[in-house]
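Data from start.csv: CSV, C-alpha atoms (C1' of nucleotides) and all ligand atoms
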```
chain,number,residue,atom,x,y,z
A,1,MET,CA,-7.8,-1.8,-11.8
A,2,ILE,CA,-10.0,-0.2,-9.4
A,3,ARG,CA,-8.9,2.6,-11.6
A,4,ILE,CA,-9.7,6.1,-10.8
A,5,THR,CA,-10.0,8.6,-13.6
A,6,LYS,CA,-7.1,10.8,-14.5
A,7,GLN,CA,-9.2,13.7,-13.4
A,8,SER,CA,-8.9,12.4,-9.9
A,9,ASP,CA,-5.3,11.6,-10.3
A,10,TYR,CA,-4.5,15.1,-11.5
A,11,GLY,CA,-6.8,16.5,-9.0
A,12,ILE,CA,-4.9,15.0,-6.1
A,13,VAL,CA,-1.6,16.1,-7.6
A,14,LEU,CA,-2.9,19.6,-8.0
A,15,MET,CA,-4.3,19.8,-4.5
A,16,SER,CA,-1.1,18.5,-3.1
A,17,ARG,CA,0.7,21.2,-4.8
A,18,LEU,CA,-1.6,23.8,-3.5
A,19,ALA,CA,-1.3,22.4,-0.1
A,20,ALA,CA,2.4,23.2,-0.1
A,21,GLU,CA,1.4,26.9,0.1
A,22,PRO,CA,-2.1,27.1,1.4
A,23,GLU,CA,-2.1,30.9,1.6
A,24,GLN,CA,-0.8,31.6,-1.9
A,25,LEU,CA,-2.7,32.0,-5.0
A,26,HIS,CA,-1.8,29.9,-8.0
A,27,THR,CA,-3.1,30.3,-11.5
A,28,ALA,CA,-4.2,27.3,-13.6
A,29,ALA,CA,-1.5,28.1,-16.2
A,30,ALA,CA,1.3,28.2,-13.6
A,31,LEU,CA,0.3,25.0,-12.1
A,32,ALA,CA,0.0,23.3,-15.4
A,33,ALA,CA,3.4,24.5,-16.4
A,34,GLU,CA,5.0,23.5,-13.2
A,35,LEU,CA,3.5,20.1,-13.1
A,36,GLN,CA,3.8,19.4,-16.8
A,37,LEU,CA,0.1,18.8,-17.3
A,38,PRO,CA,-2.1,19.9,-20.1
A,39,ALA,CA,-3.2,23.4,-19.3
A,40,PRO,CA,-6.9,23.1,-20.4
A,41,THR,CA,-7.3,20.0,-18.4
A,42,VAL,CA,-5.8,21.5,-15.4
A,43,SER,CA,-8.1,24.5,-15.7
A,44,LYS,CA,-11.1,22.2,-16.0
A,45,ILE,CA,-10.2,20.2,-12.9
A,46,LEU,CA,-9.6,23.3,-10.9
A,47,LYS,CA,-12.9,24.7,-11.8
A,48,ILE,CA,-14.6,21.5,-10.7
A,49,LEU,CA,-12.8,21.5,-7.4
A,50,ALA,CA,-13.7,25.1,-6.9
A,51,ARG,CA,-17.3,24.4,-7.6
A,52,GLY,CA,-17.1,21.6,-5.1
A,53,GLY,CA,-16.0,23.9,-2.4
A,54,LEU,CA,-12.5,22.6,-2.0
A,55,LEU,CA,-10.8,25.5,-3.6
A,56,GLU,CA,-11.3,29.2,-3.3
A,57,SER,CA,-11.2,31.0,-6.6
A,58,HIS,CA,-10.3,34.6,-7.3
A,59,ARG,CA,-11.1,36.0,-10.7
A,60,GLY,CA,-9.6,38.7,-12.6
A,61,VAL,CA,-6.0,39.6,-13.2
A,62,LYS,CA,-3.9,38.3,-10.4
A,63,GLY,CA,-6.5,35.8,-9.7
A,64,GLY,CA,-6.0,32.2,-9.0
A,65,TYR,CA,-6.9,29.3,-6.7
A,66,SER,CA,-6.1,28.5,-3.2
A,67,LEU,CA,-7.3,25.9,-0.7
A,68,SER,CA,-10.5,26.8,1.0
A,69,ARG,CA,-9.5,24.8,4.1
A,70,THR,CA,-6.4,23.5,5.8
A,71,PRO,CA,-4.6,20.6,4.2
A,72,GLU,CA,-5.2,18.6,7.4
A,73,SER,CA,-9.0,18.9,7.0
A,74,ILE,CA,-9.2,17.8,3.4
A,75,SER,CA,-9.2,14.1,2.7
A,76,VAL,CA,-8.5,12.5,-0.6
A,77,ALA,CA,-11.9,11.0,-0.5
A,78,GLU,CA,-13.3,14.5,-0.7
A,79,ILE,CA,-11.2,15.3,-3.7
A,80,ILE,CA,-12.2,12.2,-5.6
A,81,GLY,CA,-15.8,12.7,-4.5
A,82,ALA,CA,-15.8,16.2,-5.8
A,83,LEU,CA,-14.4,15.2,-9.1
A,84,GLU,CA,-16.4,12.1,-9.9
A,85,GLY,CA,-19.4,11.9,-7.7
A,86,PRO,CA,-19.9,9.7,-4.6
A,87,ILE,CA,-17.4,7.0,-4.1
A,88,ALA,CA,-18.9,3.7,-5.0
A,89,VAL,CA,-17.1,0.8,-6.6
A,90,THR,CA,-20.0,-0.7,-8.3
A,91,GLU,CA,-23.2,0.6,-9.7
A,92,CYS,CA,-25.3,-1.9,-8.0
A,93,ILE,CA,-26.3,0.1,-5.0
A,94,GLU,CA,-25.2,3.6,-5.5
A,95,ASP,CA,-28.0,4.8,-3.4
A,96,GLY,CA,-31.5,3.5,-3.7
A,97,PRO,CA,-32.7,-0.1,-4.2
A,98,GLY,CA,-34.4,-1.2,-7.3
A,99,GLU,CA,-31.5,0.0,-9.3
A,100,CYS,CA,-29.8,-3.3,-10.0
A,101,SER,CA,-31.6,-5.6,-12.4
A,102,GLN,CA,-30.9,-8.7,-10.4
A,103,GLU,CA,-31.6,-7.8,-6.9
A,104,PRO,CA,-33.7,-10.9,-6.4
A,105,PHE,CA,-31.0,-13.2,-7.5
A,106,CYS,CA,-28.1,-11.5,-6.0
A,107,ALA,CA,-26.6,-12.9,-2.9
A,108,VAL,CA,-24.2,-10.2,-2.2
A,109,ARG,CA,-26.5,-7.3,-2.6
A,110,GLY,CA,-26.0,-6.0,0.9
A,111,ASN,CA,-22.4,-6.9,1.2
A,112,TRP,CA,-21.2,-4.8,-1.7
A,113,GLN,CA,-21.7,-1.9,0.6
A,114,ARG,CA,-19.2,-3.4,2.9
A,115,ILE,CA,-16.6,-3.1,0.1
A,116,ASN,CA,-17.7,0.4,-0.7
A,117,LEU,CA,-17.5,1.4,2.9
A,118,ALA,CA,-14.1,-0.1,3.3
A,119,ILE,CA,-12.7,1.8,0.4
A,120,ARG,CA,-14.4,5.0,1.4
A,121,GLN,CA,-13.0,4.9,4.9
A,122,ALA,CA,-9.6,4.1,3.6
A,123,LEU,CA,-9.7,7.2,1.4
A,124,GLU,CA,-11.2,9.4,4.1
A,125,ALA,CA,-8.4,8.4,6.4
A,126,ILE,CA,-5.8,10.0,4.2
A,127,SER,CA,-5.5,13.8,4.4
A,128,LEU,CA,-4.0,16.2,2.0
A,129,ALA,CA,-1.4,17.0,4.6
A,130,GLU,CA,-0.3,13.5,4.6
A,131,MET,CA,0.2,13.7,0.9
A,132,THR,CA,2.6,16.6,1.1
A,133,GLU,CA,5.1,15.4,3.6
A,134,PRO,CA,6.5,12.8,1.3
A,135,LEU,CA,9.4,10.6,1.6
A,136,GLU,CA,11.0,11.5,4.9
A,137,GLN,CA,8.0,10.3,6.8
A,138,LEU,CA,7.8,7.1,5.0
A,139,VAL,CA,11.4,6.3,5.3
A,140,THR,CA,11.6,7.3,8.9
A,141,ILE,CA,8.9,5.0,9.9
A,142,GLY,CA,10.4,2.4,7.8
A,143,ARG,CA,7.1,1.6,6.1
A,144,ARG,CA,7.5,-0.3,2.9
A,145,PRO,CA,5.9,1.5,0.0
A,146,LEU,CA,4.9,-1.7,-1.6
A,147,GLU,CA,4.7,-5.3,-0.5
A,148,GLN,CA,3.4,-7.6,-3.0
A,149,PRO,CA,6.1,-10.1,-3.7
A,150,ALA,CA,3.8,-12.9,-4.8
A,151,GLU,CA,2.5,-12.0,-8.2
A,152,PRO,CA,1.1,-15.2,-9.7
A,153,SER,CA,0.7,-13.6,-13.0
B,1,MET,CA,-15.8,6.5,-9.6
B,2,ILE,CA,-13.2,4.3,-8.4
B,3,ARG,CA,-15.0,2.0,-10.6
B,4,ILE,CA,-14.1,-1.6,-10.9
B,5,THR,CA,-14.9,-3.4,-14.1
B,6,LYS,CA,-18.0,-5.5,-14.4
B,7,GLN,CA,-15.7,-8.5,-14.7
B,8,SER,CA,-14.7,-8.0,-11.1
B,9,ASP,CA,-18.3,-7.2,-10.2
B,10,TYR,CA,-19.6,-10.4,-11.7
B,11,GLY,CA,-16.6,-12.3,-10.4
B,12,ILE,CA,-17.3,-11.4,-6.8
B,13,VAL,CA,-21.0,-12.3,-7.3
B,14,LEU,CA,-20.0,-15.7,-8.8
B,15,MET,CA,-17.4,-16.4,-6.2
B,16,SER,CA,-20.0,-15.6,-3.5
B,17,ARG,CA,-22.4,-18.1,-5.0
B,18,LEU,CA,-19.8,-20.8,-5.1
B,19,ALA,CA,-18.8,-20.0,-1.6
B,20,ALA,CA,-22.3,-21.0,-0.5
B,21,GLU,CA,-21.5,-24.6,-1.4
B,22,PRO,CA,-17.7,-24.9,-1.5
B,23,GLU,CA,-17.8,-28.6,-2.1
B,24,GLN,CA,-20.2,-28.7,-4.9
B,25,LEU,CA,-19.4,-28.4,-8.6
B,26,HIS,CA,-21.3,-25.8,-10.6
B,27,THR,CA,-21.3,-25.4,-14.4
B,28,ALA,CA,-20.9,-22.0,-16.0
B,29,ALA,CA,-24.2,-22.4,-17.6
B,30,ALA,CA,-26.0,-23.2,-14.4
B,31,LEU,CA,-24.4,-20.2,-12.6
B,32,ALA,CA,-25.3,-17.9,-15.5
B,33,ALA,CA,-28.9,-19.0,-15.5
B,34,GLU,CA,-29.2,-18.8,-11.7
B,35,LEU,CA,-27.7,-15.4,-11.5
B,36,GLN,CA,-29.2,-14.1,-14.6
B,37,LEU,CA,-26.0,-13.2,-16.2
B,38,PRO,CA,-24.9,-13.5,-19.8
B,39,ALA,CA,-23.6,-17.0,-20.2
B,40,PRO,CA,-20.5,-16.4,-22.3
B,41,THR,CA,-19.3,-13.7,-20.0
B,42,VAL,CA,-19.8,-15.9,-17.0
B,43,SER,CA,-17.8,-18.6,-18.7
B,44,LYS,CA,-15.0,-16.2,-19.5
B,45,ILE,CA,-14.8,-14.9,-16.0
B,46,LEU,CA,-14.7,-18.4,-14.5
B,47,LYS,CA,-11.9,-19.3,-16.8
B,48,ILE,CA,-9.9,-16.4,-15.7
B,49,LEU,CA,-10.6,-17.2,-12.0
B,50,ALA,CA,-9.6,-20.8,-12.6
B,51,ARG,CA,-6.4,-19.7,-14.3
B,52,GLY,CA,-5.7,-17.5,-11.4
B,53,GLY,CA,-5.9,-20.4,-9.0
B,54,LEU,CA,-9.0,-19.3,-7.2
B,55,LEU,CA,-11.2,-21.9,-8.7
B,56,GLU,CA,-10.7,-25.6,-9.3
B,57,SER,CA,-12.0,-26.6,-12.7
B,58,HIS,CA,-13.2,-30.1,-13.7
B,59,ARG,CA,-13.5,-30.7,-17.4
B,60,GLY,CA,-15.6,-33.2,-19.3
B,61,VAL,CA,-19.2,-34.1,-18.8
B,62,LYS,CA,-20.2,-33.5,-15.2
B,63,GLY,CA,-17.5,-31.0,-15.0
B,64,GLY,CA,-17.7,-27.6,-13.4
B,65,TYR,CA,-16.1,-25.2,-11.0
B,66,SER,CA,-15.6,-25.2,-7.3
B,67,LEU,CA,-13.5,-23.0,-4.9
B,68,SER,CA,-10.0,-24.1,-4.6
B,69,ARG,CA,-9.8,-22.8,-1.0
B,70,THR,CA,-12.1,-22.1,1.8
B,71,PRO,CA,-14.2,-19.0,1.6
B,72,GLU,CA,-12.5,-17.6,4.7
B,73,SER,CA,-9.1,-17.7,3.1
B,74,ILE,CA,-10.1,-15.9,-0.1
B,75,SER,CA,-10.2,-12.1,-0.1
B,76,VAL,CA,-12.0,-9.9,-2.5
B,77,ALA,CA,-8.7,-8.4,-3.2
B,78,GLU,CA,-7.6,-11.7,-4.6
B,79,ILE,CA,-10.6,-11.9,-6.8
B,80,ILE,CA,-10.2,-8.5,-8.2
B,81,GLY,CA,-6.5,-9.0,-8.5
B,82,ALA,CA,-7.0,-12.2,-10.5
B,83,LEU,CA,-9.5,-10.6,-12.8
B,84,GLU,CA,-7.7,-7.4,-13.5
B,85,GLY,CA,-4.1,-7.4,-12.5
B,86,PRO,CA,-2.6,-5.9,-9.4
B,87,ILE,CA,-4.6,-3.5,-7.5
B,88,ALA,CA,-3.4,0.0,-8.2
B,89,VAL,CA,-5.6,3.1,-8.4
B,90,THR,CA,-3.3,5.0,-10.6
B,91,GLU,CA,-0.8,4.0,-13.3
B,92,CYS,CA,1.9,6.2,-11.9
B,93,ILE,CA,3.7,3.7,-9.8
B,94,GLU,CA,2.3,0.3,-10.7
B,95,ASP,CA,5.6,-1.3,-9.9
B,96,GLY,CA,8.9,0.2,-11.0
B,97,PRO,CA,10.0,3.8,-11.1
B,98,GLY,CA,10.7,5.6,-14.3
B,99,GLU,CA,7.2,4.8,-15.5
B,100,CYS,CA,5.5,8.1,-14.9
B,101,SER,CA,6.5,10.9,-17.2
B,102,GLN,CA,6.7,13.5,-14.5
B,103,GLU,CA,8.4,11.9,-11.7
B,104,PRO,CA,10.7,14.9,-11.3
B,105,PHE,CA,7.9,17.3,-11.0
B,106,CYS,CA,5.6,15.2,-9.0
B,107,ALA,CA,5.3,15.9,-5.3
B,108,VAL,CA,3.1,13.0,-4.5
B,109,ARG,CA,5.1,10.3,-6.1
B,110,GLY,CA,5.7,8.3,-3.0
B,111,ASN,CA,2.4,9.1,-1.4
B,112,TRP,CA,0.3,7.6,-4.1
B,113,GLN,CA,1.3,4.3,-2.7
B,114,ARG,CA,-0.2,5.3,0.5
B,115,ILE,CA,-3.5,5.4,-1.2
B,116,ASN,CA,-3.0,2.2,-3.1
B,117,LEU,CA,-1.9,0.5,0.0
B,118,ALA,CA,-4.9,1.7,2.0
B,119,ILE,CA,-7.3,0.4,-0.7
B,120,ARG,CA,-5.5,-2.8,-1.1
B,121,GLN,CA,-5.6,-3.5,2.6
B,122,ALA,CA,-9.3,-2.6,2.8
B,123,LEU,CA,-10.0,-5.1,0.1
B,124,GLU,CA,-7.7,-7.8,1.6
B,125,ALA,CA,-9.6,-7.5,4.9
B,126,ILE,CA,-12.8,-8.6,3.4
B,127,SER,CA,-13.1,-12.4,2.9
B,128,LEU,CA,-15.5,-14.3,0.7
B,129,ALA,CA,-17.0,-15.8,3.8
B,130,GLU,CA,-18.0,-12.3,4.9
B,131,MET,CA,-19.7,-11.8,1.6
B,132,THR,CA,-22.0,-14.7,1.9
B,133,GLU,CA,-23.5,-14.2,5.3
B,134,PRO,CA,-25.5,-11.3,4.1
B,135,LEU,CA,-28.0,-9.3,5.8
B,136,GLU,CA,-28.5,-10.8,9.2
B,137,GLN,CA,-25.1,-10.0,10.3
B,138,LEU,CA,-25.3,-6.5,9.2
B,139,VAL,CA,-28.7,-5.9,10.8
B,140,THR,CA,-27.7,-7.6,14.0
B,141,ILE,CA,-24.7,-5.5,14.5
B,142,GLY,CA,-26.7,-2.5,13.6
B,143,ARG,CA,-24.2,-1.3,11.1
B,144,ARG,CA,-25.5,1.3,8.8
B,145,PRO,CA,-25.0,0.2,5.2
B,146,LEU,CA,-24.4,3.7,4.1
B,147,GLU,CA,-23.6,6.9,5.8
B,148,GLN,CA,-23.1,9.9,3.7
B,149,PRO,CA,-25.7,12.4,4.6
B,150,ALA,CA,-23.6,15.4,3.5
B,151,GLU,CA,-23.5,15.4,-0.2
B,152,PRO,CA,-22.5,18.9,-1.3
B,153,SER,CA,-23.2,18.4,-4.9
C,1,DG,C1',-17.7,-42.8,-30.0
C,2,DG,C1',-20.7,-39.1,-28.9
C,3,DA,C1',-22.3,-35.5,-25.8
C,4,DA,C1',-21.3,-32.2,-22.3
C,5,DA,C1',-18.4,-29.7,-20.1
C,6,DG,C1',-14.2,-26.4,-19.8
C,7,DG,C1',-9.7,-23.9,-22.3
C,8,DG,C1',-8.2,-20.4,-25.2
C,9,DG,C1',-8.5,-16.7,-28.0
C,10,DA,C1',-10.2,-13.4,-31.8
C,11,DC,C1',-13.4,-10.2,-32.6
C,12,DC,C1',-16.9,-6.3,-32.7
C,13,DG,C1',-19.7,-2.6,-30.8
C,14,DA,C1',-20.9,0.8,-27.4
C,15,DT,C1',-19.6,3.5,-23.9
C,16,DC,C1',-17.0,6.9,-21.6
C,17,DA,C1',-13.0,9.3,-20.3
C,18,DA,C1',-9.5,12.7,-21.9
C,19,DG,C1',-8.5,16.5,-24.0
C,20,DT,C1',-9.5,20.7,-26.8
C,21,DC,C1',-11.8,24.9,-27.9
C,22,DC,C1',-14.8,28.8,-27.6
C,23,DT,C1',-17.3,32.4,-25.3
C,24,DA,C1',-18.7,35.1,-21.3
C,25,DT,C1',-17.5,37.3,-17.0
C,26,DT,C1',-14.8,39.3,-13.5
C,27,DT,C1',-11.0,42.0,-11.8
C,28,DC,C1',-6.7,44.5,-11.8
C,29,DC,C1',-3.7,48.0,-13.7
C,30,DT,C1',-2.5,51.9,-16.5
D,1,DA,C1',-12.1,54.2,-19.2
D,2,DG,C1',-10.2,50.5,-21.4
D,3,DG,C1',-7.4,46.6,-22.0
D,4,DA,C1',-5.2,42.5,-20.2
D,5,DA,C1',-5.3,38.5,-17.5
D,6,DA,C1',-7.5,35.4,-15.2
D,7,DT,C1',-11.6,32.3,-14.0
D,8,DA,C1',-16.7,30.2,-15.3
D,9,DG,C1',-19.0,27.2,-18.1
D,10,DG,C1',-20.0,24.4,-21.4
D,11,DA,C1',-19.9,21.8,-26.2
D,12,DC,C1',-17.4,18.9,-28.9
D,13,DT,C1',-14.2,15.2,-30.8
D,14,DT,C1',-11.4,11.4,-30.5
D,15,DG,C1',-9.5,7.4,-28.7
D,16,DA,C1',-9.1,3.6,-25.5
D,17,DT,C1',-11.2,0.1,-23.3
D,18,DC,C1',-14.7,-2.5,-21.4
D,19,DG,C1',-18.5,-5.7,-22.2
D,20,DG,C1',-20.0,-9.1,-24.7
D,21,DT,C1',-20.2,-12.7,-28.5
D,22,DC,C1',-18.5,-16.3,-31.2
D,23,DC,C1',-15.7,-20.1,-32.7
D,24,DC,C1',-12.7,-24.1,-32.3
D,25,DC,C1',-10.0,-27.3,-29.5
D,26,DT,C1',-9.4,-30.5,-25.6
D,27,DT,C1',-11.0,-33.3,-21.9
D,28,DT,C1',-14.0,-36.5,-19.7
D,29,DC,C1',-18.1,-39.3,-18.7
D,30,DC,C1',-21.5,-42.6,-20.4
A,201,LIG,S1,-28.0,-6.2,-6.4
A,201,LIG,FE1,-26.8,-5.9,-8.2
A,201,LIG,S2,-25.5,-7.6,-8.3
A,201,LIG,FE2,-26.4,-7.7,-6.4
A,202,LIG,S1,5.1,10.1,-10.3
A,202,LIG,FE1,3.4,10.1,-11.6
A,202,LIG,S2,2.2,11.7,-11.0
A,202,LIG,FE2,3.7,11.5,-9.5
```
Once more with this new file: its structure as structure tokens, please.
Ligand code: FES
Ligand code: FES
Amino acid sequence: MIRITKQSDYGIVLMSRLAAEPEQLHTAAALAAELQLPAPTVSKILKILARGGLLESHRGVKGGYSLSRTPESISVAEIIGALEGPIAVTECIEDGPGECSQEPFCAVRGNWQRINLAIRQALEAISLAEMTEPLEQLVTIGRRPLEQPAEPS
Amino acid sequence: MIRITKQSDYGIVLMSRLAAEPEQLHTAAALAAELQLPAPTVSKILKILARGGLLESHRGVKGGYSLSRTPESISVAEIIGALEGPIAVTECIEDGPGECSQEPFCAVRGNWQRINLAIRQALEAISLAEMTEPLEQLVTIGRRPLEQPAEPS
DNA sequence: GGAAAGGGGACCGATCAAGTCCTATTTCCT
DNA sequence: AGGAAATAGGACTTGATCGGTCCCCTTTCC
């Protein structure tokens, strides 16, 4: 739950791959093959990311994609935002008031934004660079990847 | 994006309403009418929340629901978790390894959990009590409900 | 014993994401 | 100059899943 779409999922994976060699150009086909993802979908996602300004595209033979900025300056929030619009968990308050049909009755109206903000900040705090330096870092610090022993079911 | 289901949406609204009078019993019908939500759906959601241990249910005439704990001790993460399973943004790593088809190729494998953890923590940090004291608090502190001026689009 | 509440689950319809495909455009190489 | 290889852009189909409804059973109060 709190599911993101597969587009974002793939998008982050792809961006992470590109972040490994920021200088280098990668074609959509090569990335798809390497990551074992459906080629047309990869192509589509890369296009969107390029349109969003996160990727630099080079057309023609020997073309391909590369990051338009350094991995450190790209947050996963940006990636998700580029792929699926602004980050908002609920449709209530996306931007303007008057949207939700039950504003008058709703007690939480304003506080939804607290949730949205919390999630957005959490996502903005994670940079692409952090996504590429994988296990060592985690293990070194001794951070537990998961801690949710109590699953009531 | 990063959408939660309407169940969670409604669930949080309902829980917030109940948090206003933690002692009192509320029937599903009354809550539905008050909040202008479809009655059967409300009933369904309350059932799930009760099964999850977040609500105390009383059957029979004069029955109804009430919070099983204080609003301060209930986080929105719990509500969402009860309504839609454990909080995980992606299906890759829900719990055990071996799930994702491309573990060998995936560079982010371990770092997805970083994202999941960040979101989970963000949601755990928000209590039901915070959801009920609505606008005043926000305004007093001068917190901006939204800040996202740069929308590249 | 009846009415009013919750408990549980089956069920259907609409929405939307995921993936495919096609065509145009740009660029490199021969 | 011309062809090949790549991106740009969009239309389309299908499939899952969410949202919502409905029905029947159990419990409790009066
Ligand atoms: S304003 Fe939409 S549910 Fe609160
Ligand atoms: S392990 Fe599933 S995408 Fe990384």
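Distance-wise, CA of Ile79 in chain B and CA of Ser8 in chain B end up 7.1 Å apart.
Proximity to chain B at a cut-off of 8 Å picks out DA3, DA4, DA5, DG6 and DG7 of chain C on chain C, counting all atoms listed in the file.
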Mind dumping a table of every chain B residue within 9 Å of ligand LIG 201 (chain A), with the nearest atom pair and its distance in Å to one decimal, using only C-alpha atoms and all ligand atoms, sorted by chain and rising number, as CSV?
```
residue,atom,partner,partner_atom,distance
B:Asp9,CA,A:LIG201,S2,7.5
B:Tyr10,CA,A:LIG201,S2,7.4
B:Val13,CA,A:LIG201,S2,6.6
B:Leu35,CA,A:LIG201,S2,8.7
```
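The coordinates place CA of Gln7 in chain A at 17.7 Å from CA of Gln113 in chain B.
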Exercise. Anything within 12 Å of (-11.1, 27.3, -1.7): list those residues as a VMD selection string, counting only C-alpha atoms (C1' of nucleotides) and sticking to the file's coordinates.
Key: chain A and resid 15 18 to 19 22 to 26 46 to 58 64 to 71 74
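Distance-wise, CA of Thr132 in chain B and CA of Glu34 in chain B end up 15.9 Å apart.
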Exercise. Compute the set of chain D residues within 9 Å of chain A, using only C-alpha atoms (C1' of nucleotides), and express it as a ChimeraX atom specification.
Key: /D:4-8
I need the residues from that last selection saved to file as a PDB file, keeping the file's coordinate frame (with C-alpha atoms (C1' of nucleotides)), if you can.
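Output file out14.pdb follows:
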```
ATOM      1  C1'  DA D   4      -5.200  42.500 -20.200  1.00  0.00           C
ATOM      2  C1'  DA D   5      -5.300  38.500 -17.500  1.00  0.00           C
ATOM      3  C1'  DA D   6      -7.500  35.400 -15.200  1.00  0.00           C
ATOM      4  C1'  DT D   7     -11.600  32.300 -14.000  1.00  0.00           C
ATOM      5  C1'  DA D   8     -16.700  30.200 -15.300  1.00  0.00           C
TER       6       DA D   8
END
```
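The closest residue to chain A, picked from B:Ile4, B:Glu21, B:Pro40, B:Glu124 and counting only C-alpha atoms, is B:Ile4.
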Self-check item: Given all atoms listed in the file as the counted atoms, nearest of B:Ile115, B:Glu72, B:Val42, B:Lys6 to DC18 in chain D
Solution: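 Of the candidates, the smallest distance to DC18 in chain D is held by B:Lys6.
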Mind dumping range 54-60 of chain B from that block, keeping all heavy atoms, as a PDB file, in the first residue's frame?
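selection_12.pdb written:
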```pdb
ATOM      1  N   LEU B  54      -7.657  -1.646  16.210  1.00  0.00           N
ATOM      2  CA  LEU B  54      -7.602  -0.206  16.435  1.00  0.00           C
ATOM      3  C   LEU B  54      -8.913   0.322  17.000  1.00  0.00           C
ATOM      4  O   LEU B  54      -8.934   1.374  17.634  1.00  0.00           O
ATOM      5  CB  LEU B  54      -7.277   0.514  15.118  1.00  0.00           C
ATOM      6  CG  LEU B  54      -5.884   0.245  14.574  1.00  0.00           C
ATOM      7  CD1 LEU B  54      -5.704   0.884  13.215  1.00  0.00           C
ATOM      8  CD2 LEU B  54      -4.847   0.783  15.551  1.00  0.00           C
ATOM      9  N   LEU B  55      -9.980  -0.393  16.753  1.00  0.00           N
ATOM     10  CA  LEU B  55     -11.279   0.028  17.262  1.00  0.00           C
ATOM     11  C   LEU B  55     -11.849  -1.048  18.174  1.00  0.00           C
ATOM     12  O   LEU B  55     -11.624  -2.247  17.970  1.00  0.00           O
ATOM     13  CB  LEU B  55     -12.258   0.290  16.110  1.00  0.00           C
ATOM     14  CG  LEU B  55     -11.994   1.519  15.250  1.00  0.00           C
ATOM     15  CD1 LEU B  55     -13.041   1.642  14.164  1.00  0.00           C
ATOM     16  CD2 LEU B  55     -11.964   2.757  16.114  1.00  0.00           C
ATOM     17  N   GLU B  56     -12.587  -0.573  19.134  1.00  0.00           N
ATOM     18  CA  GLU B  56     -13.329  -1.463  20.006  1.00  0.00           C
ATOM     19  C   GLU B  56     -14.761  -1.497  19.475  1.00  0.00           C
ATOM     20  O   GLU B  56     -15.356  -0.459  19.251  1.00  0.00           O
ATOM     21  CB  GLU B  56     -13.317  -0.901  21.429  1.00  0.00           C
ATOM     22  CG  GLU B  56     -13.491  -1.943  22.504  1.00  0.00           C
ATOM     23  CD  GLU B  56     -12.225  -2.778  22.642  1.00  0.00           C
ATOM     24  OE1 GLU B  56     -11.119  -2.221  22.461  1.00  0.00           O
ATOM     25  OE2 GLU B  56     -12.366  -3.969  22.907  1.00  0.00           O
ATOM     26  N   SER B  57     -15.271  -2.683  19.247  1.00  0.00           N
ATOM     27  CA  SER B  57     -16.629  -2.746  18.723  1.00  0.00           C
ATOM     28  C   SER B  57     -17.580  -3.293  19.777  1.00  0.00           C
ATOM     29  O   SER B  57     -17.210  -4.136  20.590  1.00  0.00           O
ATOM     30  CB  SER B  57     -16.675  -3.658  17.491  1.00  0.00           C
ATOM     31  OG  SER B  57     -16.516  -5.000  17.864  1.00  0.00           O
ATOM     32  N   HIS B  58     -18.796  -2.789  19.766  1.00  0.00           N
ATOM     33  CA  HIS B  58     -19.826  -3.263  20.686  1.00  0.00           C
ATOM     34  C   HIS B  58     -21.032  -3.646  19.866  1.00  0.00           C
ATOM     35  O   HIS B  58     -21.590  -2.795  19.167  1.00  0.00           O
ATOM     36  CB  HIS B  58     -20.193  -2.158  21.690  1.00  0.00           C
ATOM     37  CG  HIS B  58     -19.029  -1.757  22.545  1.00  0.00           C
ATOM     38  ND1 HIS B  58     -18.856  -2.229  23.826  1.00  0.00           N
ATOM     39  CD2 HIS B  58     -17.980  -0.953  22.297  1.00  0.00           C
ATOM     40  CE1 HIS B  58     -17.735  -1.713  24.330  1.00  0.00           C
ATOM     41  NE2 HIS B  58     -17.193  -0.923  23.419  1.00  0.00           N
ATOM     42  N   ARG B  59     -21.408  -4.867  19.955  1.00  0.00           N
ATOM     43  CA  ARG B  59     -22.502  -5.341  19.126  1.00  0.00           C
ATOM     44  C   ARG B  59     -23.838  -5.105  19.813  1.00  0.00           C
ATOM     45  O   ARG B  59     -23.900  -4.628  20.931  1.00  0.00           O
ATOM     46  CB  ARG B  59     -22.318  -6.830  18.832  1.00  0.00           C
ATOM     47  CG  ARG B  59     -21.053  -7.101  18.069  1.00  0.00           C
ATOM     48  CD  ARG B  59     -20.741  -8.560  18.003  1.00  0.00           C
ATOM     49  NE  ARG B  59     -21.646  -9.260  17.115  1.00  0.00           N
ATOM     50  CZ  ARG B  59     -21.331 -10.369  16.463  1.00  0.00           C
ATOM     51  NH1 ARG B  59     -20.127 -10.861  16.580  1.00  0.00           N
ATOM     52  NH2 ARG B  59     -22.191 -10.963  15.702  1.00  0.00           N
ATOM     53  N   GLY B  60     -24.861  -5.505  19.098  1.00  0.00           N
ATOM     54  CA  GLY B  60     -26.196  -5.364  19.657  1.00  0.00           C
ATOM     55  C   GLY B  60     -26.739  -3.952  19.548  1.00  0.00           C
ATOM     56  O   GLY B  60     -26.058  -3.028  19.112  1.00  0.00           O
TER      57      GLY B  60
END
```
